[in-house]
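Step one of this worksheet: look at the structure below.
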Amino acid sequence: PAYSDNLASIQDNDVIIRFDEPLKNAAKEVIGLYPHIKEELEGILGWKIAFKPSILLVRENTAFQEIIANPHIIAFADSYKNLIVVDYSKMNVSQFTLEVTLKHEMCHLLLGSNIPDGRLPRWLNEGFCQWVTGGISELMVGDSQPNLNKASLSHRLIPLASLSRIFPIDRDQLILAYEESKSIIKYMVTEHGQGDVVNIIHYLKDGDTIDEAIRKALSISLDELEKRWILHLQKRITWAGYVATNIYTILLFAAALLTIWGFLRVVIRRQRKTRLADMDDEDVV
(Lines give C-alpha, C1' and ligand atoms only; values in the text may rest on other atoms or scores of the structure.)
Protein backbone atom coordinates (compact mmCIF):
# COMPACT_ATOMS: atom_id res chain seq x y z
CA PRO A 1 0.00 0.00 0.00
CA ALA A 2 2.77 2.49 0.81
CA TYR A 3 4.40 1.83 -2.55
CA SER A 4 1.16 2.29 -4.51
CA ASP A 5 0.50 5.74 -3.04
CA ASN A 6 2.88 7.37 -5.52
CA LEU A 7 1.66 5.60 -8.66
CA ALA A 8 -0.20 6.87 -11.67
CA SER A 9 -3.32 5.03 -12.83
CA ILE A 10 -5.59 4.49 -15.81
CA GLN A 11 -8.71 2.38 -16.08
CA ASP A 12 -11.67 1.40 -18.19
CA ASN A 13 -14.88 -0.46 -17.38
CA ASP A 14 -13.09 -3.79 -16.82
CA VAL A 15 -9.67 -3.17 -15.26
CA ILE A 16 -7.61 -0.69 -13.23
CA ILE A 17 -3.90 -0.26 -14.00
CA ARG A 18 -1.54 1.38 -11.50
CA PHE A 19 2.02 1.99 -12.58
CA ASP A 20 5.27 3.89 -12.20
CA GLU A 21 5.04 6.91 -14.49
CA PRO A 22 7.72 5.67 -16.96
CA LEU A 23 5.51 2.61 -17.59
CA LYS A 24 2.63 4.56 -19.07
CA ASN A 25 2.95 2.83 -22.46
CA ALA A 26 3.02 -0.57 -20.75
CA ALA A 27 -0.14 0.37 -18.85
CA LYS A 28 -1.84 1.24 -22.12
CA GLU A 29 -0.68 -2.11 -23.50
CA VAL A 30 -2.37 -3.87 -20.59
CA ILE A 31 -5.62 -2.03 -21.31
CA GLY A 32 -5.40 -3.32 -24.87
CA LEU A 33 -4.51 -6.90 -23.87
CA TYR A 34 -7.05 -7.37 -21.12
CA PRO A 35 -10.24 -7.94 -23.21
CA HIS A 36 -8.62 -10.84 -25.08
CA ILE A 37 -7.25 -12.39 -21.88
CA LYS A 38 -10.66 -12.05 -20.23
CA GLU A 39 -12.42 -13.64 -23.18
CA GLU A 40 -10.00 -16.59 -23.34
CA LEU A 41 -10.28 -17.41 -19.63
CA GLU A 42 -14.06 -17.11 -19.64
CA GLY A 43 -14.14 -19.44 -22.64
CA ILE A 44 -11.97 -22.10 -20.95
CA LEU A 45 -13.84 -22.21 -17.65
CA GLY A 46 -17.28 -21.04 -18.75
CA TRP A 47 -17.31 -18.47 -15.95
CA LYS A 48 -17.78 -14.74 -16.23
CA ILE A 49 -15.18 -12.46 -14.70
CA ALA A 50 -17.57 -10.40 -12.63
CA PHE A 51 -14.91 -8.50 -10.67
CA LYS A 52 -12.73 -5.56 -11.71
CA PRO A 53 -9.08 -6.43 -11.10
CA SER A 54 -6.32 -4.00 -10.25
CA ILE A 55 -2.99 -4.58 -11.98
CA LEU A 56 0.12 -3.02 -10.45
CA LEU A 57 3.15 -2.66 -12.74
CA VAL A 58 6.37 -2.27 -10.77
CA ARG A 59 9.29 -0.81 -12.70
CA GLU A 60 12.24 -1.86 -10.54
CA ASN A 61 13.00 -5.36 -9.28
CA THR A 62 14.21 -3.97 -5.95
CA ALA A 63 10.81 -2.37 -5.33
CA PHE A 64 9.04 -5.59 -6.35
CA GLN A 65 11.19 -7.60 -3.96
CA GLU A 66 10.21 -5.31 -1.12
CA ILE A 67 6.65 -6.49 -1.73
CA ILE A 68 7.14 -10.22 -2.39
CA ALA A 69 10.59 -10.99 -0.91
CA ASN A 70 11.14 -13.94 -3.27
CA PRO A 71 13.81 -13.58 -5.98
CA HIS A 72 12.31 -16.39 -8.07
CA ILE A 73 8.84 -14.88 -8.51
CA ILE A 74 8.13 -12.34 -11.27
CA ALA A 75 4.41 -11.75 -10.57
CA PHE A 76 1.72 -12.77 -8.11
CA ALA A 77 -2.03 -12.56 -7.63
CA ASP A 78 -3.99 -11.73 -4.46
CA SER A 79 -7.52 -13.06 -4.91
CA TYR A 80 -8.74 -11.38 -1.71
CA LYS A 81 -7.98 -7.95 -3.20
CA ASN A 82 -8.45 -8.89 -6.89
CA LEU A 83 -4.91 -7.62 -7.30
CA ILE A 84 -2.10 -8.61 -9.65
CA VAL A 85 1.44 -7.30 -9.09
CA VAL A 86 3.97 -7.62 -11.94
CA ASP A 87 7.73 -7.11 -11.89
CA TYR A 88 7.90 -5.28 -15.22
CA SER A 89 11.70 -5.45 -15.27
CA LYS A 90 11.36 -9.19 -15.94
CA MET A 91 8.91 -8.89 -18.81
CA ASN A 92 10.17 -9.91 -22.25
CA VAL A 93 12.91 -11.96 -20.58
CA SER A 94 13.10 -15.61 -21.65
CA GLN A 95 9.54 -16.95 -22.01
CA PHE A 96 7.92 -14.19 -20.00
CA THR A 97 5.78 -11.64 -21.79
CA LEU A 98 3.27 -9.23 -20.38
CA GLU A 99 0.32 -11.02 -22.01
CA VAL A 100 1.28 -14.52 -20.82
CA THR A 101 2.06 -13.29 -17.31
CA LEU A 102 -1.23 -11.43 -17.00
CA LYS A 103 -3.17 -14.42 -18.31
CA HIS A 104 -1.53 -16.69 -15.73
CA GLU A 105 -2.27 -14.33 -12.85
CA MET A 106 -5.82 -13.62 -14.04
CA CYS A 107 -6.37 -17.38 -14.04
CA HIS A 108 -5.42 -17.37 -10.34
CA LEU A 109 -7.85 -14.53 -9.65
CA LEU A 110 -10.69 -16.25 -11.51
CA LEU A 111 -10.15 -19.51 -9.63
CA GLY A 112 -9.79 -17.70 -6.32
CA SER A 113 -12.97 -15.68 -6.83
CA ASN A 114 -15.02 -18.86 -7.28
CA ILE A 115 -13.32 -21.45 -5.05
CA PRO A 116 -12.24 -20.87 -1.42
CA ASP A 117 -8.53 -21.40 -0.74
CA GLY A 118 -9.30 -24.23 1.66
CA ARG A 119 -10.97 -26.19 -1.12
CA LEU A 120 -8.57 -25.44 -3.98
CA PRO A 121 -5.23 -27.27 -3.58
CA ARG A 122 -2.18 -25.19 -4.40
CA TRP A 123 -0.86 -27.83 -6.82
CA LEU A 124 -4.12 -27.77 -8.78
CA ASN A 125 -4.23 -23.96 -8.76
CA GLU A 126 -0.66 -23.61 -10.04
CA GLY A 127 -0.87 -26.58 -12.40
CA PHE A 128 -4.09 -25.45 -14.02
CA CYS A 129 -2.86 -21.88 -14.53
CA GLN A 130 0.37 -23.18 -16.06
CA TRP A 131 -1.64 -25.38 -18.40
CA VAL A 132 -3.76 -22.38 -19.43
CA THR A 133 -0.59 -20.48 -20.37
CA GLY A 134 1.11 -23.32 -22.20
CA GLY A 135 3.26 -24.41 -19.26
CA ILE A 136 4.55 -20.99 -18.24
CA SER A 137 4.33 -19.97 -14.60
CA GLU A 138 5.33 -16.90 -12.60
CA LEU A 139 8.53 -18.63 -11.51
CA MET A 140 11.88 -17.56 -12.97
CA VAL A 141 14.28 -20.50 -12.77
CA GLY A 142 17.16 -19.22 -14.89
CA ASP A 143 19.35 -21.94 -16.39
CA SER A 144 18.25 -24.59 -13.91
CA GLN A 145 17.91 -28.15 -15.15
CA PRO A 146 14.44 -29.69 -14.68
CA ASN A 147 14.10 -31.29 -11.26
CA LEU A 148 11.12 -33.52 -12.10
CA ASN A 149 13.17 -36.13 -13.97
CA LYS A 150 15.75 -36.44 -11.20
CA ALA A 151 13.09 -36.57 -8.48
CA SER A 152 11.16 -39.27 -10.34
CA LEU A 153 14.26 -41.39 -10.92
CA SER A 154 15.34 -41.12 -7.28
CA HIS A 155 11.78 -41.57 -5.93
CA ARG A 156 11.88 -38.16 -4.26
CA LEU A 157 8.77 -36.53 -5.68
CA ILE A 158 6.95 -34.26 -3.25
CA PRO A 159 3.62 -35.88 -2.24
CA LEU A 160 0.63 -33.91 -3.50
CA ALA A 161 -0.71 -33.74 0.04
CA SER A 162 2.36 -31.67 0.97
CA LEU A 163 1.58 -29.24 -1.87
CA SER A 164 -2.05 -28.65 -0.95
CA ARG A 165 -1.62 -25.45 1.06
CA ILE A 166 1.86 -24.03 0.51
CA PHE A 167 4.90 -24.61 -1.68
CA PRO A 168 8.44 -25.10 -0.34
CA ILE A 169 10.75 -22.14 0.20
CA ASP A 170 13.93 -23.92 -0.92
CA ARG A 171 14.68 -22.99 -4.55
CA ASP A 172 15.06 -26.51 -5.96
CA GLN A 173 12.05 -27.82 -4.07
CA LEU A 174 10.01 -24.80 -5.18
CA ILE A 175 10.93 -25.47 -8.82
CA LEU A 176 10.01 -29.14 -8.33
CA ALA A 177 6.62 -28.16 -6.85
CA TYR A 178 5.81 -26.09 -9.95
CA GLU A 179 7.04 -28.85 -12.27
CA GLU A 180 4.95 -31.49 -10.47
CA SER A 181 1.86 -29.27 -10.59
CA LYS A 182 2.25 -28.74 -14.32
CA SER A 183 3.02 -32.40 -14.96
CA ILE A 184 -0.01 -33.88 -13.22
CA ILE A 185 -2.43 -31.50 -14.97
CA LYS A 186 -0.82 -32.36 -18.30
CA TYR A 187 -1.19 -36.06 -17.42
CA MET A 188 -4.88 -35.63 -16.59
CA VAL A 189 -5.56 -33.73 -19.81
CA THR A 190 -3.76 -36.41 -21.85
CA GLU A 191 -5.45 -39.36 -20.13
CA HIS A 192 -8.93 -37.97 -19.48
CA GLY A 193 -9.35 -34.90 -21.66
CA GLN A 194 -9.58 -31.16 -21.12
CA GLY A 195 -13.30 -31.34 -20.32
CA ASP A 196 -12.84 -33.63 -17.32
CA VAL A 197 -10.08 -31.45 -15.89
CA VAL A 198 -12.33 -28.39 -16.18
CA ASN A 199 -15.10 -30.42 -14.55
CA ILE A 200 -12.87 -30.93 -11.49
CA ILE A 201 -12.67 -27.15 -11.16
CA HIS A 202 -16.45 -26.85 -11.54
CA TYR A 203 -17.11 -29.50 -8.87
CA LEU A 204 -14.83 -27.63 -6.48
CA LYS A 205 -16.82 -24.46 -7.11
CA ASP A 206 -20.02 -26.38 -6.33
CA GLY A 207 -18.64 -27.31 -2.91
CA ASP A 208 -17.00 -30.71 -3.40
CA THR A 209 -13.67 -31.58 -1.81
CA ILE A 210 -10.76 -32.28 -4.13
CA ASP A 211 -11.15 -36.05 -3.68
CA GLU A 212 -14.89 -35.88 -4.37
CA ALA A 213 -14.30 -33.69 -7.43
CA ILE A 214 -11.71 -36.09 -8.87
CA ARG A 215 -13.92 -39.12 -8.20
CA LYS A 216 -16.82 -37.48 -10.03
CA ALA A 217 -14.75 -36.26 -12.98
CA LEU A 218 -12.26 -39.12 -13.43
CA SER A 219 -13.93 -42.06 -11.61
CA ILE A 220 -10.81 -42.63 -9.48
CA SER A 221 -9.63 -41.35 -6.11
CA LEU A 222 -6.99 -38.68 -5.63
CA ASP A 223 -4.60 -41.30 -4.23
CA GLU A 224 -5.12 -43.51 -7.28
CA LEU A 225 -4.60 -40.54 -9.61
CA GLU A 226 -1.31 -39.74 -7.89
CA LYS A 227 -0.15 -43.39 -8.12
CA ARG A 228 -0.98 -43.58 -11.84
CA TRP A 229 0.74 -40.28 -12.54
CA ILE A 230 3.91 -41.38 -10.72
CA LEU A 231 3.87 -44.72 -12.59
CA HIS A 232 3.50 -42.78 -15.85
CA LEU A 233 6.55 -40.69 -14.97
CA GLN A 234 8.61 -43.73 -14.02
CA LYS A 235 7.82 -45.45 -17.31
CA ARG A 236 8.56 -42.33 -19.33
CA ILE A 237 11.68 -41.26 -17.46
CA THR A 238 14.36 -43.96 -17.29
CA TRP A 239 18.02 -43.75 -16.31
CA ALA A 240 18.98 -44.53 -19.90
CA GLY A 241 16.79 -41.70 -21.16
CA TYR A 242 18.06 -39.34 -18.48
CA VAL A 243 21.67 -40.10 -19.43
CA ALA A 244 20.89 -39.66 -23.13
CA THR A 245 19.17 -36.33 -22.49
CA ASN A 246 22.04 -35.04 -20.35
CA ILE A 247 24.90 -36.69 -22.22
CA TYR A 248 26.73 -33.41 -22.94
CA THR A 249 26.56 -32.33 -19.30
CA ILE A 250 27.78 -35.75 -18.19
CA LEU A 251 30.64 -35.71 -20.70
CA LEU A 252 31.68 -32.23 -19.63
CA PHE A 253 31.62 -33.32 -15.99
CA ALA A 254 33.65 -36.42 -16.82
CA ALA A 255 36.15 -34.32 -18.79
CA ALA A 256 36.47 -31.95 -15.83
CA LEU A 257 37.16 -34.90 -13.50
CA LEU A 258 39.79 -36.27 -15.89
CA THR A 259 41.45 -32.86 -16.09
CA ILE A 260 41.58 -32.63 -12.29
CA TRP A 261 42.91 -36.16 -12.04
CA GLY A 262 45.57 -35.42 -14.66
CA PHE A 263 46.59 -32.28 -12.80
CA LEU A 264 46.83 -34.18 -9.50
CA ARG A 265 48.99 -36.87 -11.15
CA VAL A 266 51.39 -34.20 -12.45
CA VAL A 267 51.59 -32.59 -8.99
CA ILE A 268 52.16 -35.97 -7.32
CA ARG A 269 54.85 -36.90 -9.88
CA ARG A 270 56.65 -33.59 -9.33
CA GLN A 271 56.50 -33.98 -5.56
CA ARG A 272 57.90 -37.49 -5.88
CA LYS A 273 60.76 -36.28 -8.10
CA THR A 274 61.48 -33.49 -5.65
CA ARG A 275 61.62 -35.94 -2.74
CA LEU A 276 63.91 -38.29 -4.69
CA ALA A 277 66.19 -35.37 -5.61
CA ASP A 278 66.34 -34.32 -1.96
CA MET A 279 67.21 -37.89 -0.96
CA ASP A 280 70.01 -37.98 -3.55
CA ASP A 281 71.40 -34.72 -2.23
CA GLU A 282 71.40 -36.12 1.30
CA ASP A 283 73.24 -39.22 0.09
CA VAL A 284 75.90 -37.08 -1.58
CA VAL A 285 76.42 -35.12 1.61
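Ordering of the C-alpha coordinates sets the chain letters (A, B, ...); residue numbers start at 1 within each chain; ligands are numbered from 1 in the order shown.
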Within 12 Å of Arg59 of chain A, counting only C-alpha atoms, which residues show up once you throw out same-chain ones fewer than 2 positions away? Write them as a JSON list (two decimals) with N, CA, C and O atoms, in the first residue's frame, please.
```json
[["chain", "number", "residue", "atom", "x", "y", "z"],
["A", 3, "TYR", "N", 3.79, 1.69, -1.23],
["A", 3, "TYR", "CA", 4.40, 1.83, -2.55],
["A", 3, "TYR", "C", 3.40, 2.39, -3.55],
["A", 3, "TYR", "O", 3.72, 3.25, -4.36],
["A", 4, "SER", "N", 2.15, 1.92, -3.50],
["A", 4, "SER", "CA", 1.16, 2.29, -4.51],
["A", 4, "SER", "C", 0.66, 3.72, -4.36],
["A", 4, "SER", "O", 0.02, 4.24, -5.26],
["A", 7, "LEU", "N", 1.79, 6.11, -7.30],
["A", 7, "LEU", "CA", 1.66, 5.60, -8.66],
["A", 7, "LEU", "C", 0.61, 6.35, -9.46],
["A", 7, "LEU", "O", -0.35, 6.88, -8.91],
["A", 18, "ARG", "N", -2.35, 0.42, -12.27],
["A", 18, "ARG", "CA", -1.54, 1.38, -11.50],
["A", 18, "ARG", "C", -0.09, 1.11, -11.86],
["A", 18, "ARG", "O", 0.33, -0.05, -11.99],
["A", 19, "PHE", "N", 0.70, 2.17, -12.00],
["A", 19, "PHE", "CA", 2.02, 1.99, -12.58],
["A", 19, "PHE", "C", 2.96, 3.13, -12.21],
["A", 19, "PHE", "O", 2.52, 4.26, -11.91],
["A", 20, "ASP", "N", 4.26, 2.84, -12.26],
["A", 20, "ASP", "CA", 5.27, 3.89, -12.20],
["A", 20, "ASP", "C", 5.16, 4.72, -13.48],
["A", 20, "ASP", "O", 4.99, 4.17, -14.56],
["A", 21, "GLU", "N", 5.28, 6.00, -13.36],
["A", 21, "GLU", "CA", 5.04, 6.91, -14.49],
["A", 21, "GLU", "C", 5.77, 6.51, -15.77],
["A", 21, "GLU", "O", 5.20, 6.60, -16.86],
["A", 22, "PRO", "N", 7.03, 6.06, -15.72],
["A", 22, "PRO", "CA", 7.72, 5.67, -16.96],
["A", 22, "PRO", "C", 7.06, 4.47, -17.67],
["A", 22, "PRO", "O", 7.40, 4.19, -18.82],
["A", 23, "LEU", "N", 6.15, 3.79, -17.00],
["A", 23, "LEU", "CA", 5.51, 2.61, -17.59],
["A", 23, "LEU", "C", 4.13, 2.92, -18.17],
["A", 23, "LEU", "O", 3.29, 2.04, -18.33],
["A", 24, "LYS", "N", 3.94, 4.16, -18.55],
["A", 24, "LYS", "CA", 2.63, 4.56, -19.07],
["A", 24, "LYS", "C", 2.27, 3.78, -20.34],
["A", 24, "LYS", "O", 1.12, 3.34, -20.50],
["A", 26, "ALA", "N", 3.32, 0.81, -21.15],
["A", 26, "ALA", "CA", 3.02, -0.57, -20.75],
["A", 26, "ALA", "C", 1.62, -0.67, -20.17],
["A", 26, "ALA", "O", 0.90, -1.65, -20.42],
["A", 27, "ALA", "N", 1.21, 0.35, -19.41],
["A", 27, "ALA", "CA", -0.14, 0.37, -18.85],
["A", 27, "ALA", "C", -1.19, 0.41, -19.96],
["A", 27, "ALA", "O", -2.21, -0.29, -19.90],
["A", 56, "LEU", "N", -0.95, -3.92, -10.87],
["A", 56, "LEU", "CA", 0.12, -3.02, -10.45],
["A", 56, "LEU", "C", 1.39, -3.39, -11.20],
["A", 56, "LEU", "O", 1.89, -4.50, -11.09],
["A", 57, "LEU", "N", 1.91, -2.46, -11.99],
["A", 57, "LEU", "CA", 3.15, -2.66, -12.74],
["A", 57, "LEU", "C", 4.28, -1.98, -11.99],
["A", 57, "LEU", "O", 4.29, -0.75, -11.83],
["A", 61, "ASN", "N", 13.04, -4.09, -9.99],
["A", 61, "ASN", "CA", 13.00, -5.36, -9.28],
["A", 61, "ASN", "C", 13.18, -5.18, -7.78],
["A", 61, "ASN", "O", 12.58, -5.90, -6.98],
["A", 62, "THR", "N", 14.00, -4.19, -7.38],
["A", 62, "THR", "CA", 14.21, -3.97, -5.95],
["A", 62, "THR", "C", 12.91, -3.59, -5.25],
["A", 62, "THR", "O", 12.64, -4.04, -4.14],
["A", 63, "ALA", "N", 12.10, -2.76, -5.91],
["A", 63, "ALA", "CA", 10.81, -2.37, -5.33],
["A", 63, "ALA", "C", 9.87, -3.57, -5.28],
["A", 63, "ALA", "O", 9.13, -3.76, -4.30],
["A", 64, "PHE", "N", 9.89, -4.40, -6.32],
["A", 64, "PHE", "CA", 9.04, -5.59, -6.35],
["A", 64, "PHE", "C", 9.43, -6.55, -5.23],
["A", 64, "PHE", "O", 8.56, -7.14, -4.56],
["A", 65, "GLN", "N", 10.73, -6.69, -5.00],
["A", 65, "GLN", "CA", 11.19, -7.60, -3.96],
["A", 65, "GLN", "C", 10.83, -7.11, -2.56],
["A", 65, "GLN", "O", 10.69, -7.92, -1.63],
["A", 74, "ILE", "N", 8.16, -13.56, -10.45],
["A", 74, "ILE", "CA", 8.13, -12.34, -11.27],
["A", 74, "ILE", "C", 6.74, -11.68, -11.29],
["A", 74, "ILE", "O", 6.59, -10.60, -11.85],
["A", 85, "VAL", "N", 0.23, -8.13, -9.16],
["A", 85, "VAL", "CA", 1.44, -7.30, -9.09],
["A", 85, "VAL", "C", 2.48, -7.93, -10.02],
["A", 85, "VAL", "O", 2.77, -9.13, -9.92],
["A", 86, "VAL", "N", 3.04, -7.13, -10.92],
["A", 86, "VAL", "CA", 3.97, -7.62, -11.94],
["A", 86, "VAL", "C", 5.30, -6.89, -11.83],
["A", 86, "VAL", "O", 5.34, -5.66, -11.76],
["A", 87, "ASP", "N", 6.38, -7.67, -11.82],
["A", 87, "ASP", "CA", 7.73, -7.11, -11.89],
["A", 87, "ASP", "C", 8.01, -6.82, -13.37],
["A", 87, "ASP", "O", 8.43, -7.72, -14.11],
["A", 88, "TYR", "N", 7.79, -5.60, -13.79],
["A", 88, "TYR", "CA", 7.90, -5.28, -15.22],
["A", 88, "TYR", "C", 9.33, -5.42, -15.73],
["A", 88, "TYR", "O", 9.55, -5.65, -16.93],
["A", 89, "SER", "N", 10.30, -5.32, -14.84],
["A", 89, "SER", "CA", 11.70, -5.45, -15.27],
["A", 89, "SER", "C", 12.00, -6.85, -15.80],
["A", 89, "SER", "O", 13.00, -7.04, -16.50],
["A", 90, "LYS", "N", 11.14, -7.82, -15.49],
["A", 90, "LYS", "CA", 11.36, -9.19, -15.94],
["A", 90, "LYS", "C", 10.52, -9.54, -17.17],
["A", 90, "LYS", "O", 10.60, -10.67, -17.68],
["A", 91, "MET", "N", 9.71, -8.61, -17.63],
["A", 91, "MET", "CA", 8.91, -8.89, -18.81],
["A", 91, "MET", "C", 9.80, -8.92, -20.05],
["A", 91, "MET", "O", 10.81, -8.22, -20.12]]
```
Contacts of Leu233 of chain A within 10 Å, only C-alpha atoms, excl. fewer than 2 positions in-chain, as a list of chain:residue names =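 Near neighbours after the sequence-gap exclusion: A:Leu148, A:Asn149, A:Ser152, A:Leu153, A:Ser183, A:Ile184, A:Tyr187, A:Lys227, A:Arg228, A:Trp229, A:Ile230, A:Leu231, A:Lys235, A:Arg236, A:Ile237, A:Thr238.
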Would you save the residues of that selection, restricted to N, CA and C atoms, as an mmCIF file, in the first residue's frame?
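Output contents, as saved in result08.cif:
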```
data_model
loop_
_atom_site.group_PDB
_atom_site.id
_atom_site.type_symbol
_atom_site.label_atom_id
_atom_site.label_comp_id
_atom_site.auth_asym_id
_atom_site.auth_seq_id
_atom_site.Cartn_x
_atom_site.Cartn_y
_atom_site.Cartn_z
ATOM 1 N N LEU A 148 12.120 -32.464 -12.099
ATOM 2 C CA LEU A 148 11.115 -33.523 -12.103
ATOM 3 C C LEU A 148 11.729 -34.861 -12.488
ATOM 4 N N ASN A 149 12.556 -34.881 -13.525
ATOM 5 C CA ASN A 149 13.165 -36.131 -13.971
ATOM 6 C C ASN A 149 14.028 -36.752 -12.873
ATOM 7 N N SER A 152 11.872 -38.042 -9.982
ATOM 8 C CA SER A 152 11.164 -39.274 -10.342
ATOM 9 C C SER A 152 12.104 -40.466 -10.313
ATOM 10 N N LEU A 153 13.289 -40.294 -10.877
ATOM 11 C CA LEU A 153 14.255 -41.395 -10.922
ATOM 12 C C LEU A 153 14.719 -41.806 -9.527
ATOM 13 N N SER A 183 2.973 -31.047 -14.420
ATOM 14 C CA SER A 183 3.019 -32.400 -14.964
ATOM 15 C C SER A 183 1.730 -33.167 -14.712
ATOM 16 N N ILE A 184 1.181 -33.072 -13.511
ATOM 17 C CA ILE A 184 -0.014 -33.876 -13.219
ATOM 18 C C ILE A 184 -1.237 -33.348 -13.963
ATOM 19 N N TYR A 187 -0.851 -34.634 -17.421
ATOM 20 C CA TYR A 187 -1.187 -36.056 -17.424
ATOM 21 C C TYR A 187 -2.702 -36.243 -17.453
ATOM 22 N N LYS A 227 -0.916 -42.165 -7.847
ATOM 23 C CA LYS A 227 -0.155 -43.386 -8.123
ATOM 24 C C LYS A 227 0.007 -43.590 -9.628
ATOM 25 N N ARG A 228 -1.054 -43.384 -10.385
ATOM 26 C CA ARG A 228 -0.984 -43.584 -11.840
ATOM 27 C C ARG A 228 -0.074 -42.553 -12.494
ATOM 28 N N TRP A 229 -0.131 -41.335 -11.999
ATOM 29 C CA TRP A 229 0.738 -40.283 -12.539
ATOM 30 C C TRP A 229 2.199 -40.606 -12.281
ATOM 31 N N ILE A 230 2.527 -41.038 -11.064
ATOM 32 C CA ILE A 230 3.908 -41.385 -10.722
ATOM 33 C C ILE A 230 4.383 -42.564 -11.573
ATOM 34 N N LEU A 231 3.521 -43.569 -11.750
ATOM 35 C CA LEU A 231 3.869 -44.715 -12.587
ATOM 36 C C LEU A 231 4.129 -44.276 -14.027
ATOM 37 N N LYS A 235 7.713 -44.748 -16.030
ATOM 38 C CA LYS A 235 7.819 -45.447 -17.309
ATOM 39 C C LYS A 235 8.435 -44.547 -18.374
ATOM 40 N N ARG A 236 8.090 -43.269 -18.304
ATOM 41 C CA ARG A 236 8.558 -42.330 -19.327
ATOM 42 C C ARG A 236 9.993 -41.894 -19.079
ATOM 43 N N ILE A 237 10.347 -41.757 -17.811
ATOM 44 C CA ILE A 237 11.677 -41.258 -17.455
ATOM 45 C C ILE A 237 12.517 -42.411 -16.917
ATOM 46 N N THR A 238 13.464 -42.886 -17.693
ATOM 47 C CA THR A 238 14.362 -43.957 -17.286
ATOM 48 C C THR A 238 15.777 -43.408 -17.140
#
```
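Reported to one decimal place, the separation of atom CA of Gln11 of chain A from atom CA of Lys28 of chain A is 9.2 Å.
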Each residue of segment 12-107 of chain A with at least one atom at most 10 Å from segment 202-209 of chain A should appear once, together with its nearest atom pair and the corresponding distance in Å (one decimal); atoms considered: only C-alpha atoms; ordering: chain, then increasing residue number; output as CSV.
```
residue,atom,partner,partner_atom,distance
A:Leu45,CA,A:His202,CA,8.1
A:Gly46,CA,A:His202,CA,9.3
A:Trp47,CA,A:His202,CA,9.5
```
